[in-house]
file coords_6.txt (compact mmCIF, C-alpha atoms and all ligand atoms)
# COMPACT_ATOMS: atom_id res chain seq x y z
CA MET A 22 88.34 95.64 59.78
CA LYS A 23 85.73 98.35 60.19
CA GLY A 24 84.47 99.85 56.94
CA THR A 25 86.05 97.20 54.70
CA LYS A 26 83.71 94.25 55.32
CA LYS A 27 81.38 95.10 52.43
CA GLN A 28 84.27 95.59 50.03
CA PHE A 29 85.71 92.24 51.13
CA SER A 30 82.39 90.43 50.59
CA LYS A 31 82.02 92.00 47.13
CA GLU A 32 85.51 90.95 46.07
CA ALA A 33 85.21 87.55 47.78
CA PHE A 34 82.00 86.83 45.90
CA LYS A 35 83.59 87.89 42.60
CA SER A 36 86.65 85.68 43.17
CA MET A 37 84.99 82.84 45.06
CA ARG A 38 87.42 80.14 43.90
CA GLN A 39 90.34 82.17 45.23
CA THR A 40 88.82 83.45 48.47
CA GLY A 41 86.60 80.50 49.41
CA ALA A 42 84.43 82.82 51.52
CA ILE A 43 81.66 85.39 51.31
CA THR A 44 82.21 87.14 54.61
CA ALA A 45 85.26 88.00 56.64
CA THR A 46 86.26 85.82 59.61
CA SER A 47 84.34 86.73 62.79
CA LYS A 48 86.03 88.39 65.74
CA TYR A 49 85.33 85.24 67.80
CA SER A 50 87.22 83.08 65.32
CA VAL A 51 90.07 85.57 65.14
CA ARG A 52 90.28 85.56 68.96
CA LYS A 53 90.33 81.75 68.98
CA MET A 54 93.01 81.58 66.28
CA LEU A 55 95.32 83.97 68.10
CA SER A 56 94.70 82.48 71.56
CA VAL A 57 97.73 80.17 71.32
CA ILE A 58 100.26 82.93 70.58
CA ASP A 59 102.51 84.16 73.36
CA PHE A 60 102.90 87.78 72.23
CA GLN A 61 105.37 88.52 75.07
CA LYS A 62 108.13 86.74 73.12
CA PRO A 63 109.95 88.10 70.04
CA LEU A 64 108.24 86.26 67.20
CA VAL A 65 108.23 85.78 63.47
CA ILE A 66 104.60 85.41 62.38
CA VAL A 67 103.55 84.69 58.80
CA GLU A 68 99.94 85.34 57.87
CA LEU A 69 98.59 83.60 54.77
CA GLY A 70 95.54 85.16 53.07
CA VAL A 71 95.11 88.67 54.48
CA GLY A 72 91.81 89.49 52.75
CA ASN A 73 90.57 92.79 54.18
CA GLY A 74 92.89 92.38 57.16
CA VAL A 75 90.57 91.31 60.02
CA VAL A 76 93.19 88.91 61.37
CA THR A 77 96.13 91.13 60.44
CA GLU A 78 94.75 94.11 62.35
CA LYS A 79 94.54 92.09 65.58
CA LEU A 80 98.00 90.62 65.01
CA ILE A 81 99.46 94.11 64.58
CA LYS A 82 97.69 95.34 67.71
CA ARG A 83 99.20 92.57 69.86
CA LEU A 84 102.61 92.20 68.18
CA GLY A 85 105.59 92.92 70.47
CA LYS A 86 108.10 95.60 69.51
CA ASP A 87 110.80 93.01 68.65
CA SER A 88 108.46 90.82 66.62
CA ARG A 89 107.83 90.69 62.94
CA LEU A 90 104.73 90.05 60.89
CA ILE A 91 104.97 88.98 57.24
CA ALA A 92 101.54 89.01 55.64
CA LEU A 93 100.60 87.62 52.20
CA GLU A 94 97.62 88.23 49.96
CA ILE A 95 97.40 87.12 46.33
CA ASN A 96 94.32 89.05 45.18
CA GLU A 97 95.30 92.51 43.91
CA ASN A 98 92.11 94.30 45.00
CA LEU A 99 92.21 92.77 48.47
CA TYR A 100 95.93 93.49 48.78
CA ASN A 101 95.25 97.17 47.96
CA LEU A 102 92.31 97.28 50.37
CA ALA A 103 94.46 95.90 53.19
CA LYS A 104 97.41 98.15 52.33
CA ASP A 105 95.22 101.27 52.41
CA ASN A 106 93.50 100.43 55.68
CA LEU A 107 95.94 98.56 57.93
CA PRO A 108 98.13 100.40 60.45
CA ILE A 109 101.37 99.07 58.91
CA ASP A 110 104.62 100.00 60.70
CA GLU A 111 108.27 98.84 60.63
CA ARG A 112 107.41 95.47 62.28
CA VAL A 113 105.01 94.57 59.48
CA SER A 114 105.43 93.78 55.80
CA LEU A 115 102.53 93.15 53.47
CA HIS A 116 103.20 91.31 50.21
CA ARG A 117 101.15 90.60 47.12
CA HIS A 118 102.54 87.09 46.94
CA SER A 119 101.28 83.52 46.74
CA ALA A 120 101.48 81.30 49.80
CA PHE A 121 102.65 78.48 47.49
CA GLU A 122 105.87 80.44 46.91
CA ILE A 123 106.43 81.26 50.58
CA ASP A 124 109.96 79.84 50.45
CA ASN A 125 111.09 82.43 47.86
CA LEU A 126 109.71 85.29 49.93
CA LEU A 127 111.16 84.10 53.25
CA ASP A 128 114.55 83.54 51.62
CA ASP A 129 114.46 87.06 50.11
CA LEU A 130 113.58 88.50 53.53
CA GLY A 131 116.36 86.51 55.23
CA VAL A 132 113.91 84.58 57.43
CA GLY A 133 115.04 81.04 58.27
CA GLU A 134 112.46 80.05 60.89
CA VAL A 135 108.86 80.92 61.64
CA ASP A 136 107.10 80.81 65.03
CA TYR A 137 103.53 80.90 63.73
CA PHE A 138 101.81 80.44 60.39
CA ILE A 139 98.33 81.94 60.71
CA SER A 140 96.22 80.92 57.76
CA THR A 141 92.71 81.62 56.49
CA LEU A 142 93.57 80.10 53.09
CA PRO A 143 90.77 78.07 51.48
CA LEU A 144 92.55 74.68 51.44
CA THR A 145 89.51 72.95 49.94
CA MET A 146 89.81 75.13 46.82
CA PHE A 147 93.42 74.11 46.17
CA SER A 148 94.67 71.17 44.13
CA LYS A 149 96.27 68.21 45.87
CA GLU A 150 99.62 69.31 44.47
CA ASP A 151 99.29 72.90 45.74
CA ASN A 152 98.28 71.74 49.22
CA LYS A 153 101.29 69.43 49.23
CA ARG A 154 103.62 72.31 48.27
CA LEU A 155 102.13 74.53 50.96
CA MET A 156 102.30 71.96 53.77
CA THR A 157 105.84 70.86 52.88
CA LYS A 158 107.09 74.45 52.85
CA MET A 159 105.42 75.34 56.15
CA CYS A 160 106.87 72.22 57.82
CA TYR A 161 110.32 73.24 56.60
CA TYR A 162 110.19 76.75 58.10
CA LEU A 163 108.13 76.12 61.26
CA LYS A 164 110.17 76.02 64.48
CA PRO A 165 109.75 72.81 66.51
CA SER A 166 108.08 74.97 69.20
CA GLY A 167 105.95 76.79 66.62
CA LYS A 168 102.38 76.36 65.45
CA TYR A 169 100.44 76.42 62.21
CA VAL A 170 96.92 77.73 62.85
CA GLN A 171 94.34 77.17 60.11
CA ILE A 172 90.64 78.06 59.93
CA GLN A 173 88.34 76.01 57.69
CA TYR A 174 84.61 75.64 57.11
CA SER A 175 84.67 71.87 56.68
CA PRO A 176 86.75 68.98 58.07
CA LEU A 177 87.58 67.74 54.54
CA LYS A 178 91.26 68.65 54.67
CA TYR A 179 91.85 67.37 58.21
CA PRO A 180 93.43 64.05 57.10
CA MET A 181 95.71 65.89 54.66
CA VAL A 182 96.86 68.34 57.35
CA ARG A 183 97.46 65.44 59.78
CA ARG A 184 99.81 63.77 57.31
CA TYR A 185 102.19 66.72 57.61
CA PHE A 186 101.48 67.82 61.19
CA PRO A 187 101.20 64.83 63.54
CA ASN A 188 99.80 66.98 66.35
CA VAL A 189 96.54 68.70 65.46
CA LYS A 190 94.10 70.11 68.03
CA VAL A 191 90.69 71.05 66.72
CA SER A 192 88.34 73.73 67.97
CA LEU A 193 84.85 74.61 66.73
CA VAL A 194 83.69 78.23 66.51
CA LEU A 195 79.92 78.49 66.09
CA ALA A 196 79.92 82.29 66.09
CA ASN A 197 81.20 82.51 62.52
CA ILE A 198 79.38 82.55 59.17
CA PRO A 199 79.44 79.67 58.41
CA PRO A 200 80.53 77.94 61.67
CA ALA A 201 84.25 77.31 61.52
CA ILE A 202 86.85 74.78 62.58
CA VAL A 203 90.25 75.96 63.77
CA TYR A 204 93.21 73.59 63.56
CA PHE A 205 96.19 74.17 65.85
CA CYS A 206 99.02 72.15 64.32
CA SER A 207 102.58 71.37 65.35
CA VAL A 208 105.28 69.06 64.06
C1 LIG B 301 88.76 82.94 53.37
S1 LIG B 301 89.58 84.41 52.81
C2 LIG B 301 90.06 85.07 54.39
C3 LIG B 301 90.35 86.54 54.38
C4 LIG B 301 90.62 87.17 55.75
N1 LIG B 301 91.92 86.77 56.26
C5 LIG B 301 89.56 86.79 56.75
O1 LIG B 301 89.91 86.08 57.70
O2 LIG B 301 88.42 87.20 56.61
C6 LIG B 301 91.08 83.72 52.15
C7 LIG B 301 92.07 84.74 51.58
O3 LIG B 301 93.20 84.05 51.07
C8 LIG B 301 93.61 84.66 49.83
N2 LIG B 301 94.36 83.66 49.06
C9 LIG B 301 93.88 82.62 48.32
N3 LIG B 301 94.87 81.91 47.77
C10 LIG B 301 96.04 82.50 48.17
C11 LIG B 301 97.41 82.23 47.94
N4 LIG B 301 97.79 81.19 47.18
N5 LIG B 301 98.34 83.03 48.52
C12 LIG B 301 97.97 84.08 49.29
N6 LIG B 301 96.67 84.41 49.53
C13 LIG B 301 95.71 83.63 48.98
C14 LIG B 301 92.28 85.06 49.20
O4 LIG B 301 92.44 86.02 48.19
C15 LIG B 301 91.50 85.57 50.42
O5 LIG B 301 91.72 86.92 50.66

call {"tool": "encode", "arguments": {"input": "coords_6.txt", "output": "structure tokens", "more": "lines below"}}
Ligand SMILES: C[S@@+](CC[C@H](N)C(=O)[O-])C[C@H]1O[C@@H](n2cnc3c(N)ncnc32)[C@H](O)[C@@H]1O
result
Amino acid sequence: MKGTKKQFSKEAFKSMRQTGAITATSKYSVRKMLSVIDFQKPLVIVELGVGNGVVTEKLIKRLGKDSRLIALEINENLYNLAKDNLPIDERVSLHRHSAFEIDNLLDDLGVGEVDYFISTLPLTMFSKEDNKRLMTKMCYYLKPSGKYVQIQYSPLKYPMVRRYFPNVKVSLVLANIPPAIVYFCSV
């Protein structure tokens, strides 16, 4: 998001273990991540790891009027940055909440099924147990026709993701710092 990149990098650097990044995702990667979404349909989209909102902003721009975006960010400073700068309306809710507790949030919001999980979470920074919790919960809520889209900077967690999502398509985005891998996963 314009004007927030520097603030994101500063916070990301300070909280490296939590953010797993030093710069925001590039517009090319964001475009690639969102390329599989059919925005014409009414959708429930859950975004994990909002950061400064580069992905969120594009999701909001393309979201249909009957769709819903539930966006999560755990870092307080980044949550506030996103809240102050994103064009949030009645289709969108932003939560300072951990992705590992996504089930509690979705239950509170009365959401039983999700069409897309869009994640920039740093899986390589998480413990085995936390990744297991996250994958199990996403599998539970993801519609059979839905997709989990995940960007990563290394293929390290590919085998782990494959254990939960038998169908994973991989795409490389060179125009990202560092070059990124996007996983498109379905059950
Ligand atoms: C690699 S950054 C990506 C930020 C932004 N979406 C982008 O694409 O530039 C990952 C983000 O996930 C957030 N995060 C890390 N662990 C989280 C968790 N358990 N729940 C929610 N957000 C988390 C970090 O604070 C950080 O903002």

call {"tool": "residues_near_ligand", "arguments": {"input": "coords_6.txt", "ligand": "ligand LIG 301 (chain B)", "cutoff": "6 Å", "atoms": "all atoms listed in the file", "output": "JSON, numbers by chain"}}
result
{"A": [39, 40, 41, 42, 45, 46, 69, 70, 71, 72, 73, 74, 75, 76, 93, 94, 95, 96, 118, 119, 120, 121, 141, 142, 143]}

call {"tool": "atom_distance", "arguments": {"input": "coords_6.txt", "atom1": "CA of Val170 (chain A)", "atom2": "CA of Leu55 (chain A)"}}
result
8.3 Å

call {"tool": "atom_distance", "arguments": {"input": "coords_6.txt", "atom1": "CA of Leu64 (chain A)", "atom2": "CA of Met156 (chain A)"}}
result
20.5 Å

call {"tool": "closest_residue", "arguments": {"input": "coords_6.txt", "among": "A:Asp128, A:Asp110, A:Asp59, A:Glu97", "to": "Glu78 (chain A)", "atoms": "all atoms listed in the file"}}
result
A:Asp110

call {"tool": "residues_around", "arguments": {"input": "coords_6.txt", "residues": "Glu122 (chain A)", "least_positions_apart": "4", "cutoff": "10 Å", "atoms": "only C-alpha atoms", "output": "compact mmCIF listing (two decimals) with C-alpha atoms, in the coordinates of the input"}}
result
# COMPACT_ATOMS: atom_id res chain seq x y z
CA HIS A 118 102.54 87.09 46.94
CA LEU A 126 109.71 85.29 49.93
CA LEU A 127 111.16 84.10 53.25
CA ARG A 154 103.62 72.31 48.27
CA LEU A 155 102.13 74.53 50.96
CA LYS A 158 107.09 74.45 52.85

call {"tool": "atom_distance", "arguments": {"input": "coords_6.txt", "atom1": "CA of Ala103 (chain A)", "atom2": "CA of Leu130 (chain A)"}}
result
20.5 Å

call {"tool": "closest_residue", "arguments": {"input": "coords_6.txt", "among": "A:Ile139, A:Ala201, A:Leu163, A:Val67", "to": "Arg112 (chain A)", "atoms": "only C-alpha atoms"}}
result
A:Val67

call {"tool": "closest_residue", "arguments": {"input": "coords_6.txt", "among": "A:Val113, A:Leu84, A:Leu90, A:Leu99", "to": "Ile66 (chain A)", "atoms": "all atoms listed in the file"}}
result
A:Leu90

call {"tool": "closest_residue", "arguments": {"input": "coords_6.txt", "among": "A:Glu111, A:Arg89, A:Val191, A:Arg38", "to": "Ser148 (chain A)", "atoms": "all atoms listed in the file"}}
result
A:Arg38

call {"tool": "closest_residue", "arguments": {"input": "coords_6.txt", "among": "A:Arg184, A:Lys26, A:Ser175, A:Glu32", "to": "Pro200 (chain A)", "atoms": "only C-alpha atoms"}}
result
A:Ser175

call {"tool": "residues_around", "arguments": {"input": "coords_6.txt", "residues": "region 204-206 of chain A", "least_positions_apart": "2", "cutoff": "6 Å", "atoms": "only C-alpha atoms", "output": "PyMOL selection string"}}
result
chain A and resi 168-171+186+188-191

call {"tool": "decode", "arguments": {"input": "coords_6.txt", "residues": "region 50-111 of chain A", "atoms": "C-alpha atoms", "output": "CSV table (one decimal), in the first residue's frame"}}
result
chain,number,residue,atom,x,y,z
A,50,SER,CA,3.2,-11.7,-6.5
A,51,VAL,CA,-0.1,-10.3,-5.3
A,52,ARG,CA,-1.5,-10.5,-8.8
A,53,LYS,CA,-0.3,-14.1,-9.1
A,54,MET,CA,-1.8,-15.0,-5.7
A,55,LEU,CA,-5.2,-13.6,-6.6
A,56,SER,CA,-5.3,-14.9,-10.2
A,57,VAL,CA,-7.2,-18.0,-9.2
A,58,ILE,CA,-10.1,-16.2,-7.5
A,59,ASP,CA,-13.4,-15.9,-9.3
A,60,PHE,CA,-14.5,-12.5,-7.9
A,61,GLN,CA,-17.8,-12.7,-9.8
A,62,LYS,CA,-19.1,-15.2,-7.2
A,63,PRO,CA,-20.2,-14.4,-3.6
A,64,LEU,CA,-17.2,-15.5,-1.6
A,65,VAL,CA,-15.9,-15.8,1.9
A,66,ILE,CA,-12.2,-15.0,1.8
A,67,VAL,CA,-9.9,-15.2,4.8
A,68,GLU,CA,-6.5,-13.4,4.6
A,69,LEU,CA,-3.8,-14.5,7.0
A,70,GLY,CA,-1.0,-12.0,7.8
A,71,VAL,CA,-2.2,-8.6,6.6
A,72,GLY,CA,1.0,-6.7,7.3
A,73,ASN,CA,0.7,-3.2,5.8
A,74,GLY,CA,-2.2,-4.5,3.6
A,75,VAL,CA,-0.7,-4.8,0.1
A,76,VAL,CA,-2.7,-8.0,-0.5
A,77,THR,CA,-5.8,-6.8,1.5
A,78,GLU,CA,-6.1,-3.6,-0.6
A,79,LYS,CA,-6.3,-5.5,-3.8
A,80,LEU,CA,-8.7,-8.0,-2.4
A,81,ILE,CA,-11.0,-5.2,-1.2
A,82,LYS,CA,-10.8,-3.5,-4.7
A,83,ARG,CA,-11.9,-6.7,-6.4
A,84,LEU,CA,-14.3,-8.1,-3.8
A,85,GLY,CA,-18.0,-8.5,-5.0
A,86,LYS,CA,-20.7,-6.7,-3.1
A,87,ASP,CA,-22.1,-10.0,-1.7
A,88,SER,CA,-18.7,-11.2,-0.6
A,89,ARG,CA,-16.9,-11.0,2.6
A,90,LEU,CA,-13.3,-10.6,3.6
A,91,ILE,CA,-12.0,-11.6,7.0
A,92,ALA,CA,-8.4,-10.4,7.5
A,93,LEU,CA,-6.1,-11.3,10.4
A,94,GLU,CA,-2.9,-9.7,11.6
A,95,ILE,CA,-1.2,-10.5,14.9
A,96,ASN,CA,1.3,-7.7,15.2
A,97,GLU,CA,-0.2,-4.7,17.0
A,98,ASN,CA,1.7,-2.0,15.1
A,99,LEU,CA,1.0,-3.6,11.7
A,100,TYR,CA,-2.7,-4.1,12.6
A,101,ASN,CA,-2.9,-0.4,13.4
A,102,LEU,CA,-1.1,0.6,10.3
A,103,ALA,CA,-3.5,-1.5,8.2
A,104,LYS,CA,-6.6,-0.3,10.0
A,105,ASP,CA,-5.6,3.4,9.5
A,106,ASN,CA,-4.8,3.0,5.8
A,107,LEU,CA,-7.1,0.4,4.3
A,108,PRO,CA,-10.5,1.3,2.7
A,109,ILE,CA,-12.5,-0.9,5.1
A,110,ASP,CA,-16.2,-1.1,4.5
A,111,GLU,CA,-19.1,-3.4,5.6
